[in-house]
Amino acid sequence: MFPNSSNLGRPPFPPKPQQHNNFFNKLPLNIPPTLLSHQQIIDAQFNFQNAALSRALLSGNLTAMPAVSPQPLAYGNGNSIRTSAASTTFRGRKRLNEQNVPYDVKRQRFHSPHRDSTLVNQTVPLPEERRYSFPGSVPSPLFHTHYLPDLTGCVPPLQDSFPDPIETTLPVAKDKLSQQVLELFQACQQQTCDLNKKELCRTELQREIQRIFPQGRLFLVGSSLNGFGTRSSDGDLCLVVKEEPVNQKTEARHILSLVQKLFSTKLSSYIERPQLIRAKVPIVKFRDKVSCVEFDLNVNNVVGIRNTFLLRTYAYIENRVRPLVLVVKKWANFHDINDASRGTLSSYSLVLMVLHYLQTLPEPILPSLQKNYPESFDSTMQLHLVHQAPRTIPPYLSKNGSSLGDLLVGFFKYYATEFDWSSQMISVREAKAIPRPDGIEWRNKFICVEEPFDGTNTARAVHEKQKFDIIKDEFLKSWQRLRDKKDLNCVLPLRATIQKR
């Protein structure tokens, strides 16, 4: 998830006193990618129930259904992964999911802190006493740490091995609506195999990108790591080419054009339809044929690395946060108001809206982490230290005993009837609604959601009144229906959503 280093104790970013022009010169250039063994990939990731059918479809012979495994797709170095051919067609933003796996097989016991943490941030420098040999594994930094329980923090560290996981209990669900929220969460939360697929692709792409940018490092960020990922979550990648800021209109676009060319030529065997999107923060959008995951790749948008770990801390300091965020994201997606490229809300904005609501209750369920722990979430902190902040944050003990169902109804009510869209800005940093700034970024915007680190508007994509009215109307209708019926199906079809993952 974080680029690996040949010396695990060596940070990817040197301390500030070093000169900028020596920033990457101090780093080892011969960084071996993290490679999983063939058997580990098979055991950890993929389902083969439709293997014979997939092979027949690939060969075009629908009458012959030989009982053999499909030919493995492979990355450029011959690292093969077996996968179903049924999901190789690009069908928009959300990746197709493993629908051939029975629902009752997919449901597993909930291990909150460790379910999505199997793979480590490989540049994370660990103290010497926390590095151990992992017998029987490949010689990679990925397999050189064991989990040591943190006696104070509640946020699971990003490490690969958890021999004795600590269980975190789910909230108690005594009413029907709360039970439905929990059921949806357990069925749709990101699984270890989903994270493994993204990490393997990141590793391979970093190897190839370093042929163009030898000092470049590729980071997995966003919902894949922040605790709010689902089975259908895309992968977000940040390519860091230098310590200094990059001009997103010129330099970042040029770098991304080179990456796009690499993807569409040399890597076309496993990278599908790379597209350069010229947004405020430009990205290359592509689909990995091997893992069937869609990715967005940006250049030097390092605020995404910082907010990944801020959100990860919020996700784990209170056990009602993750289920509530997941159901809101699924609800917004179902009602077609969860797509910034089409003028509605991004998933990031939705997460911030949920956190803000939980902060502003008469008896708050969440604090402002940036106020309570300013040294842990300092926007000037070196990137190689950012991952360490959540380890020391203790659980937040709220006096608010509201159920998940009550909180969901309250969330819709807050944005339908209480929040003043015309004059207020959502601020997780301040843990309250604050007056809108007078800057150009905030003028003529229908929804203002403050990015906790750089202060930009994460909801700037909502620039049409028609879309804004649709969003407000969905909040109002959903509040009224849930208030009256107390049944999740009246705003989000539970069974169909679970089947789609």
# chains A, B, ... in the order shown; residues from 1 in each chain; ligands from 1

$ closest_atom_pairs --of "region 267-331 of chain A" --to "region 346-351 of chain A" --cutoff "9 Å" --atoms "only C-alpha atoms" --output "CSV"
residue,atom,partner,partner_atom,distance
A:Leu311,CA,A:Val351,CA,8.5
A:Val325,CA,A:Val351,CA,6.1
A:Leu326,CA,A:Val351,CA,8.7
A:Val328,CA,A:Leu350,CA,7.5
A:Lys329,CA,A:Ser347,CA,6.6

$ select_by_dssp --residues "region 339-460 of chain A" --states "strand (DSSP E)" --output "VMD selection string"
chain A and resid 424 to 427 432 to 435

$ write_last_selection --atoms "C-alpha atoms" --output "mmCIF file, in the first residue's frame"
data_model
loop_
_atom_site.group_PDB
_atom_site.id
_atom_site.type_symbol
_atom_site.label_atom_id
_atom_site.label_comp_id
_atom_site.auth_asym_id
_atom_site.auth_seq_id
_atom_site.Cartn_x
_atom_site.Cartn_y
_atom_site.Cartn_z
ATOM 1 C CA GLN A 424 -22.780 27.049 6.522
ATOM 2 C CA MET A 425 -19.794 24.859 5.746
ATOM 3 C CA ILE A 426 -19.263 21.319 7.018
ATOM 4 C CA SER A 427 -16.020 21.195 9.001
ATOM 5 C CA LYS A 432 -19.044 21.942 13.861
ATOM 6 C CA ALA A 433 -20.778 23.835 11.096
ATOM 7 C CA ILE A 434 -18.947 27.105 10.458
ATOM 8 C CA PRO A 435 -19.755 30.141 8.307
#

$ atom_distance --atom1 "CA of Leu324 (chain A)" --atom2 "CA of Pro493 (chain A)"
16.0 Å

$ residues_around --residues "Pro323 (chain A)" --least-positions-apart "5" --cutoff "7 Å" --atoms "only C-alpha atoms" --output "PDB file with N, CA, C and O atoms, in the first residue's frame"
ATOM      1  N   VAL A 181     -28.685  -2.482   9.255  1.00  0.00           N
ATOM      2  CA  VAL A 181     -27.444  -1.745   9.002  1.00  0.00           C
ATOM      3  C   VAL A 181     -26.228  -2.650   9.239  1.00  0.00           C
ATOM      4  O   VAL A 181     -25.292  -2.683   8.436  1.00  0.00           O
ATOM      5  N   LEU A 182     -26.256  -3.408  10.323  1.00  0.00           N
ATOM      6  CA  LEU A 182     -25.155  -4.314  10.616  1.00  0.00           C
ATOM      7  C   LEU A 182     -25.035  -5.422   9.581  1.00  0.00           C
ATOM      8  O   LEU A 182     -23.931  -5.802   9.177  1.00  0.00           O
ATOM      9  N   PHE A 185     -23.434  -4.016   6.550  1.00  0.00           N
ATOM     10  CA  PHE A 185     -22.016  -3.758   6.789  1.00  0.00           C
ATOM     11  C   PHE A 185     -21.186  -5.033   6.722  1.00  0.00           C
ATOM     12  O   PHE A 185     -20.145  -5.088   6.063  1.00  0.00           O
TER      13      PHE A 185
END

$ atom_distance --atom1 "CA of Tyr396 (chain A)" --atom2 "CA of Leu369 (chain A)"
10.0 Å

$ closest_atom_pairs --of "region 179-249 of chain A" --to "region 287-292 of chain A" --cutoff "8 Å" --atoms "only C-alpha atoms" --output "tab-separated table"
residue	atom	partner	partner_atom	distance
A:Lys197	CA	A:Ser291	CA	5.6
A:Lys198	CA	A:Ser291	CA	7.3
A:Cys201	CA	A:Asp288	CA	7.5

$ write_last_selection --atoms "C-alpha atoms" --output "PDB file, in the first residue's frame"
ATOM      1  CA  LYS A 197      -5.558  -7.551  -5.211  1.00  0.00           C
ATOM      2  CA  LYS A 198      -5.067  -3.798  -5.065  1.00  0.00           C
ATOM      3  CA  CYS A 201      -1.312  -4.268  -8.680  1.00  0.00           C
TER       4      CYS A 201
END

$ select_by_dssp --residues "region 149-290 of chain A" --states "alpha helix (DSSP H)" --output "short mmCIF file (atom, residue, chain, number, x, y, z; two decimals) with N, CA, C and O atoms, in the first residue's frame"
data_model
loop_
_atom_site.label_atom_id
_atom_site.label_comp_id
_atom_site.auth_asym_id
_atom_site.auth_seq_id
_atom_site.Cartn_x
_atom_site.Cartn_y
_atom_site.Cartn_z
N LYS A 176 -34.90 -3.53 14.53
CA LYS A 176 -34.82 -4.05 13.16
C LYS A 176 -33.91 -3.22 12.27
O LYS A 176 -33.07 -3.77 11.54
N LEU A 177 -34.04 -1.91 12.32
CA LEU A 177 -33.25 -1.05 11.44
C LEU A 177 -31.76 -1.18 11.75
O LEU A 177 -30.94 -1.27 10.83
N SER A 178 -31.41 -1.22 13.02
CA SER A 178 -30.00 -1.37 13.39
C SER A 178 -29.46 -2.72 12.93
O SER A 178 -28.32 -2.82 12.46
N GLN A 179 -30.27 -3.75 13.05
CA GLN A 179 -29.86 -5.07 12.58
C GLN A 179 -29.63 -5.07 11.08
O GLN A 179 -28.69 -5.71 10.58
N GLN A 180 -30.45 -4.36 10.34
CA GLN A 180 -30.29 -4.28 8.90
C GLN A 180 -28.99 -3.55 8.52
O GLN A 180 -28.28 -3.95 7.59
N VAL A 181 -28.69 -2.48 9.26
CA VAL A 181 -27.44 -1.75 9.00
C VAL A 181 -26.23 -2.65 9.24
O VAL A 181 -25.29 -2.68 8.44
N LEU A 182 -26.26 -3.41 10.32
CA LEU A 182 -25.15 -4.31 10.62
C LEU A 182 -25.04 -5.42 9.58
O LEU A 182 -23.93 -5.80 9.18
N GLU A 183 -26.16 -5.95 9.16
CA GLU A 183 -26.14 -7.01 8.16
C GLU A 183 -25.52 -6.51 6.86
O GLU A 183 -24.68 -7.19 6.24
N LEU A 184 -25.89 -5.32 6.45
CA LEU A 184 -25.32 -4.74 5.24
C LEU A 184 -23.82 -4.52 5.40
O LEU A 184 -23.03 -4.82 4.49
N PHE A 185 -23.43 -4.02 6.55
CA PHE A 185 -22.02 -3.76 6.79
C PHE A 185 -21.19 -5.03 6.72
O PHE A 185 -20.15 -5.09 6.06
N GLN A 186 -21.64 -6.07 7.40
CA GLN A 186 -20.87 -7.30 7.43
C GLN A 186 -20.78 -7.96 6.05
O GLN A 186 -19.77 -8.58 5.72
N ALA A 187 -21.80 -7.80 5.25
CA ALA A 187 -21.80 -8.41 3.92
C ALA A 187 -20.96 -7.63 2.92
O ALA A 187 -20.36 -8.21 2.01
N CYS A 188 -20.90 -6.30 3.07
CA CYS A 188 -20.32 -5.46 2.02
C CYS A 188 -18.98 -4.83 2.37
O CYS A 188 -18.36 -4.20 1.51
N THR A 192 -10.15 -8.97 3.01
CA THR A 192 -8.71 -9.06 2.86
C THR A 192 -8.31 -9.35 1.42
O THR A 192 -7.36 -8.76 0.89
N CYS A 193 -9.05 -10.24 0.75
CA CYS A 193 -8.69 -10.57 -0.64
C CYS A 193 -8.84 -9.37 -1.55
O CYS A 193 -8.07 -9.21 -2.51
N ASP A 194 -9.81 -8.50 -1.27
CA ASP A 194 -9.98 -7.29 -2.08
C ASP A 194 -8.76 -6.38 -1.94
O ASP A 194 -8.26 -5.81 -2.91
N LEU A 195 -8.29 -6.23 -0.72
CA LEU A 195 -7.12 -5.40 -0.46
C LEU A 195 -5.86 -6.01 -1.08
O LEU A 195 -5.02 -5.30 -1.64
N ASN A 196 -5.74 -7.32 -1.00
CA ASN A 196 -4.57 -7.99 -1.57
C ASN A 196 -4.45 -7.73 -3.07
O ASN A 196 -3.35 -7.53 -3.60
N LYS A 197 -5.57 -7.78 -3.76
CA LYS A 197 -5.56 -7.55 -5.21
C LYS A 197 -5.02 -6.16 -5.54
O LYS A 197 -4.21 -5.98 -6.45
N LYS A 198 -5.50 -5.17 -4.81
CA LYS A 198 -5.07 -3.80 -5.07
C LYS A 198 -3.59 -3.62 -4.76
O LYS A 198 -2.86 -2.96 -5.50
N GLU A 199 -3.15 -4.23 -3.67
CA GLU A 199 -1.74 -4.11 -3.29
C GLU A 199 -0.82 -4.77 -4.30
O GLU A 199 0.25 -4.23 -4.62
N LEU A 200 -1.19 -5.91 -4.84
CA LEU A 200 -0.35 -6.58 -5.82
C LEU A 200 -0.23 -5.74 -7.09
O LEU A 200 0.85 -5.60 -7.66
N CYS A 201 -1.35 -5.14 -7.50
CA CYS A 201 -1.31 -4.27 -8.68
C CYS A 201 -0.43 -3.05 -8.42
O CYS A 201 0.36 -2.65 -9.27
N ARG A 202 -0.55 -2.45 -7.23
CA ARG A 202 0.28 -1.30 -6.89
C ARG A 202 1.77 -1.65 -6.99
O ARG A 202 2.58 -0.89 -7.52
N THR A 203 2.12 -2.82 -6.47
CA THR A 203 3.51 -3.24 -6.49
C THR A 203 4.03 -3.36 -7.91
O THR A 203 5.12 -2.90 -8.24
N GLU A 204 3.25 -3.99 -8.78
CA GLU A 204 3.68 -4.19 -10.16
C GLU A 204 3.77 -2.86 -10.90
O GLU A 204 4.72 -2.63 -11.67
N LEU A 205 2.80 -1.97 -10.67
CA LEU A 205 2.82 -0.69 -11.37
C LEU A 205 3.98 0.17 -10.90
O LEU A 205 4.59 0.89 -11.70
N GLN A 206 4.30 0.12 -9.63
CA GLN A 206 5.45 0.90 -9.15
C GLN A 206 6.72 0.44 -9.84
O GLN A 206 7.54 1.26 -10.27
N ARG A 207 6.90 -0.86 -10.00
CA ARG A 207 8.08 -1.39 -10.69
C ARG A 207 8.18 -0.81 -12.11
O ARG A 207 9.26 -0.38 -12.54
N GLU A 208 7.05 -0.79 -12.81
CA GLU A 208 7.08 -0.30 -14.19
C GLU A 208 7.26 1.22 -14.26
O GLU A 208 7.99 1.73 -15.11
N ILE A 209 6.58 1.94 -13.37
CA ILE A 209 6.67 3.41 -13.39
C ILE A 209 8.08 3.87 -13.04
O ILE A 209 8.56 4.89 -13.55
N GLU A 251 2.56 20.37 -14.78
CA GLU A 251 3.52 19.30 -14.53
C GLU A 251 2.83 17.96 -14.28
O GLU A 251 3.24 16.93 -14.82
N ALA A 252 1.77 17.97 -13.45
CA ALA A 252 1.07 16.71 -13.15
C ALA A 252 0.46 16.11 -14.42
O ALA A 252 0.52 14.90 -14.64
N ARG A 253 -0.11 16.96 -15.27
CA ARG A 253 -0.71 16.45 -16.51
C ARG A 253 0.36 15.85 -17.42
O ARG A 253 0.12 14.84 -18.08
N HIS A 254 1.52 16.49 -17.46
CA HIS A 254 2.60 15.96 -18.30
C HIS A 254 3.05 14.59 -17.78
O HIS A 254 3.22 13.64 -18.56
N ILE A 255 3.24 14.49 -16.48
CA ILE A 255 3.66 13.21 -15.89
C ILE A 255 2.61 12.14 -16.16
O ILE A 255 2.94 11.00 -16.54
N LEU A 256 1.35 12.50 -15.97
CA LEU A 256 0.28 11.52 -16.18
C LEU A 256 0.16 11.12 -17.64
O LEU A 256 -0.22 9.98 -17.95
N SER A 257 0.48 12.03 -18.56
CA SER A 257 0.43 11.66 -19.98
C SER A 257 1.48 10.60 -20.29
O SER A 257 1.25 9.69 -21.10
N LEU A 258 2.64 10.69 -19.62
CA LEU A 258 3.67 9.66 -19.80
C LEU A 258 3.23 8.34 -19.18
O LEU A 258 3.47 7.27 -19.74
N VAL A 259 2.57 8.42 -18.02
CA VAL A 259 2.07 7.20 -17.38
C VAL A 259 0.99 6.56 -18.25
O VAL A 259 0.97 5.35 -18.45
N GLN A 260 0.11 7.39 -18.81
CA GLN A 260 -0.94 6.86 -19.69
C GLN A 260 -0.33 6.17 -20.90
O GLN A 260 -0.80 5.09 -21.32
N LYS A 261 0.69 6.76 -21.47
CA LYS A 261 1.34 6.15 -22.63
C LYS A 261 1.96 4.81 -22.25
O LYS A 261 1.86 3.83 -23.01
N LEU A 262 2.59 4.75 -21.09
CA LEU A 262 3.16 3.48 -20.61
C LEU A 262 2.07 2.43 -20.46
O LEU A 262 2.23 1.28 -20.89
N PHE A 263 0.95 2.82 -19.87
CA PHE A 263 -0.15 1.88 -19.64
C PHE A 263 -0.75 1.38 -20.95
O PHE A 263 -1.12 0.21 -21.07
N SER A 264 -0.88 2.27 -21.92
CA SER A 264 -1.57 1.91 -23.17
C SER A 264 -0.66 1.18 -24.15
O SER A 264 -1.14 0.68 -25.16
#

$ residues_around --residues "Glu441 (chain A)" --least-positions-apart "5" --cutoff "10 Å" --atoms "only C-alpha atoms" --output "PyMOL selection string"
chain A and resi 448+456-457+460

$ closest_residue --among "A:Asn338, A:Gln215, A:Thr308, A:Asn319" --to "Ser398 (chain A)" --atoms "only C-alpha atoms"
A:Asn319

$ closest_residue --among "A:Leu297, A:Asp469, A:Tyr75, A:Val303" --to "Tyr270 (chain A)" --atoms "only C-alpha atoms"
A:Tyr75

$ decode --residues "region 201-215 of chain A" --atoms "N, CA, C and O atoms" --output "PDB file, in the first residue's frame"
ATOM      1  N   CYS A 201      -1.348  -5.136  -7.500  1.00  0.00           N
ATOM      2  CA  CYS A 201      -1.312  -4.268  -8.680  1.00  0.00           C
ATOM      3  C   CYS A 201      -0.432  -3.046  -8.416  1.00  0.00           C
ATOM      4  O   CYS A 201       0.360  -2.650  -9.271  1.00  0.00           O
ATOM      5  N   ARG A 202      -0.552  -2.450  -7.227  1.00  0.00           N
ATOM      6  CA  ARG A 202       0.282  -1.299  -6.892  1.00  0.00           C
ATOM      7  C   ARG A 202       1.765  -1.648  -6.986  1.00  0.00           C
ATOM      8  O   ARG A 202       2.576  -0.888  -7.522  1.00  0.00           O
ATOM      9  N   THR A 203       2.115  -2.816  -6.468  1.00  0.00           N
ATOM     10  CA  THR A 203       3.507  -3.245  -6.486  1.00  0.00           C
ATOM     11  C   THR A 203       4.027  -3.364  -7.914  1.00  0.00           C
ATOM     12  O   THR A 203       5.120  -2.896  -8.242  1.00  0.00           O
ATOM     13  N   GLU A 204       3.246  -3.989  -8.777  1.00  0.00           N
ATOM     14  CA  GLU A 204       3.679  -4.186 -10.163  1.00  0.00           C
ATOM     15  C   GLU A 204       3.774  -2.857 -10.904  1.00  0.00           C
ATOM     16  O   GLU A 204       4.716  -2.626 -11.674  1.00  0.00           O
ATOM     17  N   LEU A 205       2.795  -1.970 -10.671  1.00  0.00           N
ATOM     18  CA  LEU A 205       2.817  -0.686 -11.371  1.00  0.00           C
ATOM     19  C   LEU A 205       3.984   0.174 -10.903  1.00  0.00           C
ATOM     20  O   LEU A 205       4.594   0.888 -11.703  1.00  0.00           O
ATOM     21  N   GLN A 206       4.299   0.118  -9.630  1.00  0.00           N
ATOM     22  CA  GLN A 206       5.445   0.898  -9.150  1.00  0.00           C
ATOM     23  C   GLN A 206       6.723   0.440  -9.845  1.00  0.00           C
ATOM     24  O   GLN A 206       7.543   1.259 -10.271  1.00  0.00           O
ATOM     25  N   ARG A 207       6.896  -0.856  -9.997  1.00  0.00           N
ATOM     26  CA  ARG A 207       8.077  -1.386 -10.686  1.00  0.00           C
ATOM     27  C   ARG A 207       8.178  -0.815 -12.106  1.00  0.00           C
ATOM     28  O   ARG A 207       9.259  -0.381 -12.540  1.00  0.00           O
ATOM     29  N   GLU A 208       7.055  -0.787 -12.810  1.00  0.00           N
ATOM     30  CA  GLU A 208       7.080  -0.301 -14.190  1.00  0.00           C
ATOM     31  C   GLU A 208       7.257   1.215 -14.258  1.00  0.00           C
ATOM     32  O   GLU A 208       7.985   1.728 -15.109  1.00  0.00           O
ATOM     33  N   ILE A 209       6.582   1.940 -13.369  1.00  0.00           N
ATOM     34  CA  ILE A 209       6.672   3.406 -13.389  1.00  0.00           C
ATOM     35  C   ILE A 209       8.080   3.867 -13.045  1.00  0.00           C
ATOM     36  O   ILE A 209       8.557   4.893 -13.554  1.00  0.00           O
ATOM     37  N   GLN A 210       8.790   3.103 -12.220  1.00  0.00           N
ATOM     38  CA  GLN A 210      10.147   3.488 -11.858  1.00  0.00           C
ATOM     39  C   GLN A 210      11.121   3.382 -13.032  1.00  0.00           C
ATOM     40  O   GLN A 210      12.235   3.892 -12.944  1.00  0.00           O
ATOM     41  N   ARG A 211      10.704   2.765 -14.115  1.00  0.00           N
ATOM     42  CA  ARG A 211      11.525   2.768 -15.327  1.00  0.00           C
ATOM     43  C   ARG A 211      11.520   4.158 -15.962  1.00  0.00           C
ATOM     44  O   ARG A 211      12.449   4.533 -16.676  1.00  0.00           O
ATOM     45  N   ILE A 212      10.433   4.917 -15.726  1.00  0.00           N
ATOM     46  CA  ILE A 212      10.334   6.289 -16.241  1.00  0.00           C
ATOM     47  C   ILE A 212      10.773   7.290 -15.184  1.00  0.00           C
ATOM     48  O   ILE A 212      11.507   8.230 -15.464  1.00  0.00           O
ATOM     49  N   PHE A 213      10.286   7.078 -13.963  1.00  0.00           N
ATOM     50  CA  PHE A 213      10.614   7.951 -12.832  1.00  0.00           C
ATOM     51  C   PHE A 213      11.291   7.091 -11.762  1.00  0.00           C
ATOM     52  O   PHE A 213      10.614   6.555 -10.875  1.00  0.00           O
ATOM     53  N   PRO A 214      12.609   6.939 -11.852  1.00  0.00           N
ATOM     54  CA  PRO A 214      13.308   5.996 -10.960  1.00  0.00           C
ATOM     55  C   PRO A 214      13.087   6.275  -9.476  1.00  0.00           C
ATOM     56  O   PRO A 214      13.143   5.360  -8.667  1.00  0.00           O
ATOM     57  N   GLN A 215      12.838   7.543  -9.121  1.00  0.00           N
ATOM     58  CA  GLN A 215      12.662   7.870  -7.714  1.00  0.00           C
ATOM     59  C   GLN A 215      11.188   7.910  -7.299  1.00  0.00           C
ATOM     60  O   GLN A 215      10.874   8.245  -6.157  1.00  0.00           O
TER      61      GLN A 215
END
